[in-house]
>>> print(open('structure07.cif').read())   # mmCIF, C-alpha atoms
data_upload
#
loop_
_atom_site.group_PDB
_atom_site.id
_atom_site.type_symbol
_atom_site.label_atom_id
_atom_site.label_comp_id
_atom_site.auth_asym_id
_atom_site.auth_seq_id
_atom_site.Cartn_x
_atom_site.Cartn_y
_atom_site.Cartn_z
ATOM 1 C CA MET A 197 88.322 108.994 99.241
ATOM 2 C CA ASP A 198 87.553 111.868 101.530
ATOM 3 C CA ILE A 199 88.015 113.306 104.976
ATOM 4 C CA SER A 200 85.229 111.347 106.663
ATOM 5 C CA LEU A 201 87.043 108.029 106.267
ATOM 6 C CA ILE A 202 90.186 109.417 107.915
ATOM 7 C CA ILE A 203 88.136 110.813 110.795
ATOM 8 C CA LYS A 204 86.274 107.499 111.172
ATOM 9 C CA VAL A 205 89.469 105.456 111.331
ATOM 10 C CA ALA A 206 91.095 107.929 113.729
ATOM 11 C CA GLY A 207 87.985 107.728 115.914
ATOM 12 C CA VAL A 208 87.967 103.917 115.867
ATOM 13 C CA GLY A 209 91.693 103.836 116.641
ATOM 14 C CA LEU A 210 91.427 106.208 119.598
ATOM 15 C CA LEU A 211 88.366 104.429 120.946
ATOM 16 C CA VAL A 212 90.093 101.045 120.742
ATOM 17 C CA ALA A 213 93.211 102.424 122.426
ATOM 18 C CA VAL A 214 91.233 103.929 125.303
ATOM 19 C CA ALA A 215 89.121 100.764 125.693
ATOM 20 C CA TYR A 216 92.296 98.648 125.676
ATOM 21 C CA VAL A 217 93.907 100.723 128.420
ATOM 22 C CA VAL A 218 90.766 100.777 130.575
ATOM 23 C CA LEU A 219 90.096 97.053 130.197
ATOM 24 C CA SER A 220 93.680 95.970 130.853
ATOM 25 C CA LYS A 221 93.921 98.212 133.919
ATOM 26 C CA THR A 222 90.755 96.644 135.385
ATOM 27 C CA GLY A 223 92.276 93.207 134.826
ATOM 28 C CA ARG A 224 90.205 92.036 131.858
ATOM 29 C CA ASP A 225 93.078 91.322 129.501
ATOM 30 C CA GLU A 226 91.280 88.868 127.223
ATOM 31 C CA MET A 227 88.440 91.362 126.707
ATOM 32 C CA ALA A 228 90.994 94.053 125.879
ATOM 33 C CA MET A 229 92.634 91.789 123.311
ATOM 34 C CA LEU A 230 89.240 90.968 121.743
ATOM 35 C CA VAL A 231 88.334 94.656 121.519
ATOM 36 C CA SER A 232 91.631 95.526 119.870
ATOM 37 C CA LEU A 233 91.288 92.593 117.458
ATOM 38 C CA CYS A 234 87.768 93.749 116.492
ATOM 39 C CA GLY A 235 89.052 97.279 115.968
ATOM 40 C CA ILE A 236 91.883 96.062 113.744
ATOM 41 C CA ILE A 237 89.520 93.927 111.657
ATOM 42 C CA THR A 238 87.085 96.871 111.297
ATOM 43 C CA VAL A 239 89.819 99.217 110.121
ATOM 44 C CA LEU A 240 91.217 96.573 107.747
ATOM 45 C CA LEU A 241 87.777 96.136 106.183
ATOM 46 C CA LEU A 242 87.514 99.904 105.750
ATOM 47 C CA ILE A 243 90.976 100.101 104.209
ATOM 48 C CA VAL A 244 90.851 97.193 101.757
ATOM 49 C CA ASP A 245 88.204 98.935 99.668
ATOM 50 C CA LYS A 246 90.303 102.069 99.443
ATOM 51 C CA PHE A 247 93.377 100.069 98.417
ATOM 52 C CA ALA A 248 91.531 98.718 95.394
ATOM 53 C CA GLU A 249 90.264 102.195 94.544
ATOM 54 C CA LEU A 250 93.746 103.652 94.856
ATOM 55 C CA PHE A 251 95.354 101.095 92.558
ATOM 56 C CA THR A 252 92.631 101.588 89.953
ATOM 57 C CA ALA A 253 93.260 105.340 90.136
ATOM 58 C CA ILE A 254 97.012 104.806 89.691
ATOM 59 C CA LYS A 255 96.401 102.538 86.690
ATOM 60 C CA THR A 256 94.113 105.009 84.960
ATOM 61 C CA ALA A 257 96.172 108.106 85.814
ATOM 62 C CA PHE A 258 99.526 106.691 84.748
ATOM 63 C CA GLY A 259 98.374 104.289 82.056
ATOM 64 C CA ILE A 260 100.230 101.315 83.521
ATOM 65 C CA MET B 71 90.587 120.000 98.980
ATOM 66 C CA ASP B 72 93.643 122.217 99.016
ATOM 67 C CA VAL B 73 97.141 121.445 100.221
ATOM 68 C CA LEU B 74 96.767 123.249 103.568
ATOM 69 C CA SER B 75 93.740 121.295 104.719
ATOM 70 C CA ILE B 76 95.288 118.020 103.534
ATOM 71 C CA ALA B 77 98.491 118.781 105.457
ATOM 72 C CA PHE B 78 96.498 119.732 108.554
ATOM 73 C CA VAL B 79 94.465 116.528 108.496
ATOM 74 C CA ALA B 80 97.621 114.471 107.905
ATOM 75 C CA VAL B 81 99.319 116.017 110.943
ATOM 76 C CA LEU B 82 96.246 115.348 113.108
ATOM 77 C CA MET B 83 96.138 111.754 111.946
ATOM 78 C CA THR B 84 99.864 111.342 112.662
ATOM 79 C CA ALA B 85 99.368 112.648 116.194
ATOM 80 C CA ALA B 86 96.500 110.211 116.759
ATOM 81 C CA ALA B 87 98.525 107.338 115.279
ATOM 82 C CA VAL B 88 101.527 108.079 117.510
ATOM 83 C CA PHE B 89 99.276 108.046 120.573
ATOM 84 C CA VAL B 90 97.564 104.803 119.557
ATOM 85 C CA LYS B 91 100.869 103.161 118.557
ATOM 86 C CA ARG B 92 102.094 103.316 122.164
ATOM 87 C CA ILE B 93 99.089 101.317 123.293
ATOM 88 C CA GLU B 94 98.257 99.149 120.295
ATOM 89 C CA PRO B 95 101.022 99.145 117.631
ATOM 90 C CA ALA B 96 99.008 97.278 114.969
ATOM 91 C CA MET B 97 96.173 99.790 115.084
ATOM 92 C CA GLY B 98 98.628 102.698 114.939
ATOM 93 C CA PHE B 99 100.242 101.173 111.871
ATOM 94 C CA LEU B 100 96.847 100.779 110.178
ATOM 95 C CA MET B 101 96.008 104.427 110.880
ATOM 96 C CA THR B 102 99.339 105.504 109.385
ATOM 97 C CA LEU B 103 98.706 103.247 106.391
ATOM 98 C CA LEU B 104 95.296 104.765 105.751
ATOM 99 C CA CYS B 105 96.687 108.299 106.000
ATOM 100 C CA SER B 106 99.409 107.436 103.450
ATOM 101 C CA LEU B 107 96.799 105.905 101.135
ATOM 102 C CA CYS B 108 94.625 109.027 101.242
ATOM 103 C CA LEU B 109 97.599 111.324 100.601
ATOM 104 C CA LEU B 110 98.699 109.111 97.716
ATOM 105 C CA PHE B 111 95.194 109.247 96.283
ATOM 106 C CA PHE B 112 95.244 113.058 96.257
ATOM 107 C CA ALA B 113 98.751 113.020 94.737
ATOM 108 C CA VAL B 114 97.638 110.684 91.938
ATOM 109 C CA ASN B 115 94.681 112.929 91.092
ATOM 110 C CA THR B 116 96.992 115.949 90.957
ATOM 111 C CA VAL B 117 99.447 114.122 88.688
ATOM 112 C CA ALA B 118 96.583 113.139 86.376
ATOM 113 C CA GLU B 119 95.638 116.823 85.974
ATOM 114 C CA ILE B 120 99.250 117.867 85.410
ATOM 115 C CA SER B 121 99.853 115.158 82.805
ATOM 116 C CA GLU B 122 96.794 116.307 80.851
ATOM 117 C CA THR B 123 98.174 119.836 80.719
ATOM 118 C CA VAL B 124 101.659 118.630 79.753
ATOM 119 C CA ARG B 125 100.305 116.294 77.078
ATOM 120 C CA SER B 126 98.403 119.102 75.401
ATOM 121 C CA SER B 127 101.233 121.637 75.467
ATOM 122 C CA ILE B 128 104.480 119.820 74.545
ATOM 123 C CA PRO B 129 105.411 119.309 70.848
ATOM 124 C CA GLU B 130 104.905 116.093 68.925
ATOM 125 C CA PRO B 131 108.286 114.236 68.906
ATOM 126 C CA VAL B 132 108.773 114.667 72.656
ATOM 127 C CA SER B 133 105.192 113.773 73.564
ATOM 128 C CA GLY B 134 105.797 110.227 72.307
ATOM 129 C CA TYR B 135 107.984 109.653 75.362
ATOM 130 C CA LEU B 136 105.368 110.904 77.807
ATOM 131 C CA PRO B 137 103.726 107.469 78.412
ATOM 132 C CA TYR B 138 107.113 106.032 79.460
ATOM 133 C CA ILE B 139 107.702 108.931 81.835
ATOM 134 C CA LEU B 140 104.237 108.612 83.355
ATOM 135 C CA LYS B 141 104.464 104.859 83.836
ATOM 136 C CA THR B 142 107.885 105.219 85.459
ATOM 137 C CA LEU B 143 106.535 107.937 87.740
ATOM 138 C CA GLY B 144 103.537 105.811 88.711
ATOM 139 C CA ILE B 145 105.642 102.747 89.522
ATOM 140 C CA ALA B 146 108.126 104.878 91.479
ATOM 141 C CA ILE B 147 105.407 106.571 93.553
ATOM 142 C CA ALA B 148 103.570 103.340 94.343
ATOM 143 C CA SER B 149 106.654 101.301 95.227
ATOM 144 C CA GLU B 150 108.238 104.063 97.290
ATOM 145 C CA THR B 151 105.062 104.602 99.306
ATOM 146 C CA ALA B 152 104.668 100.876 99.963
ATOM 147 C CA ALA B 153 108.355 100.569 100.946
ATOM 148 C CA ARG B 154 108.161 103.528 103.340
ATOM 149 C CA VAL B 155 105.035 102.193 105.014
ATOM 150 C CA SER B 156 106.735 98.796 105.477
ATOM 151 C CA ARG B 157 109.844 100.441 106.866
ATOM 152 C CA ASP B 158 107.714 102.436 109.323
ATOM 153 C CA ALA B 159 106.257 99.168 110.555
ATOM 154 C CA GLY B 160 109.791 97.840 111.074
ATOM 155 C CA GLU B 161 109.740 95.402 108.146
ATOM 156 C CA SER B 162 112.798 96.628 106.252
ATOM 157 C CA ALA B 163 113.272 93.292 104.444
ATOM 158 C CA VAL B 164 109.813 93.626 102.901
ATOM 159 C CA ALA B 165 110.582 97.242 102.046
ATOM 160 C CA SER B 166 113.795 96.273 100.244
ATOM 161 C CA GLY B 167 111.896 93.632 98.291
ATOM 162 C CA ILE B 168 109.276 96.174 97.244
ATOM 163 C CA GLU B 169 111.962 98.616 96.130
ATOM 164 C CA LEU B 170 113.689 95.904 94.092
ATOM 165 C CA ILE B 171 110.427 95.009 92.371
ATOM 166 C CA GLY B 172 109.806 98.688 91.628
ATOM 167 C CA LYS B 173 113.229 99.087 90.032
ATOM 168 C CA LEU B 174 112.753 95.968 87.901
ATOM 169 C CA GLY B 175 109.274 97.168 86.910
ATOM 170 C CA ILE B 176 110.662 100.515 85.756
ATOM 171 C CA LEU B 177 113.382 98.723 83.793
ATOM 172 C CA THR B 178 110.765 96.506 82.145
ATOM 173 C CA VAL B 179 108.591 99.492 81.217
ATOM 174 C CA CYS B 180 111.544 101.367 79.711
ATOM 175 C CA MET B 181 112.877 98.387 77.705
ATOM 176 C CA PRO B 182 111.494 99.617 74.344
ATOM 177 C CA LEU B 183 113.148 102.977 74.932
ATOM 178 C CA ILE B 184 116.488 101.371 75.852
ATOM 179 C CA LYS B 185 116.272 99.124 72.777
ATOM 180 C CA HIS B 186 115.584 102.169 70.596
ATOM 181 C CA ILE B 187 118.597 104.003 72.035
ATOM 182 C CA LEU B 188 120.858 100.954 71.562
ATOM 183 C CA ASP B 189 119.671 100.476 67.977
ATOM 184 C CA THR B 190 120.346 104.144 67.212
ATOM 185 C CA ALA B 191 123.809 103.965 68.799
ATOM 186 C CA ILE B 192 124.661 100.778 66.886
ATOM 187 C CA SER B 193 123.477 102.324 63.637
ATOM 188 C CA TYR B 194 125.767 105.316 64.225
ATOM 189 C CA ILE B 195 128.758 103.098 65.044
ATOM 190 C CA GLY B 196 128.240 100.302 62.493
#
>>> encode(input="structure07.cif", output="structure tokens")
Amino acid sequence: MDISLIIKVAGVGLLVAVAYVVLSKTGRDEMAMLVSLCGIITVLLLIVDKFAELFTAIKTAFGI
Amino acid sequence: MDVLSIAFVAVLMTAAAVFVKRIEPAMGFLMTLLCSLCLLFFAVNTVAEISETVRSSIPEPVSGYLPYILKTLGIAIASETAARVSRDAGESAVASGIELIGKLGILTVCMPLIKHILDTAISYIG
């Protein structure tokens, strides 16, 4: 788990936020919702892997 | 990675998450969650190094209790982090449930120790 993942997720989050604001201001609300949903799913997919890695690390470090 | 750079990155991520949370709360929560996971990962690696040092330097009778201490510490760290993240997202009921499970887990892990203490106390009394 390193810095690049944090930067990636921060980048995706900011991009989705900006796209959401721009799209909803121009009146395309359903497109904005789809973009935000795609962003959330992308970030979730990135995170789930790290969750598993983290719990394995906790198990091996603490001997649970 | 040292503590300063980790703290710096965490603050940057928090700033980004606060900005995104105003527009899209779910995405902001996920960013906060990922930041907590990464920090927890670094903490776990640090604890692993510390426990190796402690295990090699403390004397024999006391070092038998080290696994209990480490397991308790691990359960406490994991459950507290999960509870705080849930509370940040506004789900305090889920957070309370996680804390309860953590406490019961610690009690379960320390049962042999408690039994040993009770047996010793009973042998002194009876």
>>> atom_distance(input="structure07.cif", atom1="CA of Gly172 (chain B)", atom2="CA of Lys141 (chain B)")
11.3 Å
>>> residues_around(input="structure07.cif", residues="Ser162 (chain B)", least_positions_apart="6", cutoff="9 Å", atoms="all atoms listed in the file", output="ChimeraX atom specification")
/B:153-154,156
>>> closest_residue(input="structure07.cif", among="A:Val239, A:Leu250, A:Val244, A:Ala257", to="Leu210 (chain A)", atoms="only C-alpha atoms")
A:Val239
>>> resolve_selection(input="structure07.cif", expression="the PyMOL selection byres ((chain A and resi 253) around 12)", output="compact mmCIF listing (two decimals) with C-alpha atoms, in the frame of the given file")
# COMPACT_ATOMS: atom_id res chain seq x y z
CA MET A 197 88.32 108.99 99.24
CA LYS A 246 90.30 102.07 99.44
CA PHE A 247 93.38 100.07 98.42
CA ALA A 248 91.53 98.72 95.39
CA GLU A 249 90.26 102.20 94.54
CA LEU A 250 93.75 103.65 94.86
CA PHE A 251 95.35 101.10 92.56
CA THR A 252 92.63 101.59 89.95
CA ILE A 254 97.01 104.81 89.69
CA LYS A 255 96.40 102.54 86.69
CA THR A 256 94.11 105.01 84.96
CA ALA A 257 96.17 108.11 85.81
CA PHE A 258 99.53 106.69 84.75
CA GLY A 259 98.37 104.29 82.06
CA ILE A 260 100.23 101.32 83.52
CA LEU B 107 96.80 105.90 101.14
CA CYS B 108 94.62 109.03 101.24
CA LEU B 110 98.70 109.11 97.72
CA PHE B 111 95.19 109.25 96.28
CA PHE B 112 95.24 113.06 96.26
CA ALA B 113 98.75 113.02 94.74
CA VAL B 114 97.64 110.68 91.94
CA ASN B 115 94.68 112.93 91.09
CA THR B 116 96.99 115.95 90.96
CA VAL B 117 99.45 114.12 88.69
CA ALA B 118 96.58 113.14 86.38
CA GLY B 144 103.54 105.81 88.71
CA ALA B 148 103.57 103.34 94.34
>>> resolve_selection(input="structure07.cif", expression="the PyMOL selection byres ((chain B and resi 87) around 9)", output="list in words")
Ala206, Gly209 and Leu210 of chain A; Leu82, Met83, Thr84, Ala85, Ala86, Val88, Phe89, Val90, Lys91, Arg92, Pro95, Met97, Gly98, Phe99, Leu100, Met101 and Thr102 of chain B
>>> atom_distance(input="structure07.cif", atom1="CA of Cys180 (chain B)", atom2="CA of Ile139 (chain B)")
8.7 Å
>>> atom_distance(input="structure07.cif", atom1="CA of Tyr135 (chain B)", atom2="CA of Met181 (chain B)")
12.5 Å
>>> closest_residue(input="structure07.cif", among="A:Leu241, A:Ser220, A:Ala213, A:Cys234", to="chain B", atoms="all atoms listed in the file")
A:Ala213
>>> closest_residue(input="structure07.cif", among="A:Val218, A:Ile236, A:Gly207, A:Met229", to="chain B", atoms="all atoms listed in the file")
A:Ile236
>>> closest_residue(input="structure07.cif", among="A:Thr238, A:Ala215, A:Val205, A:Val231", to="chain B", atoms="all atoms listed in the file")
A:Val205
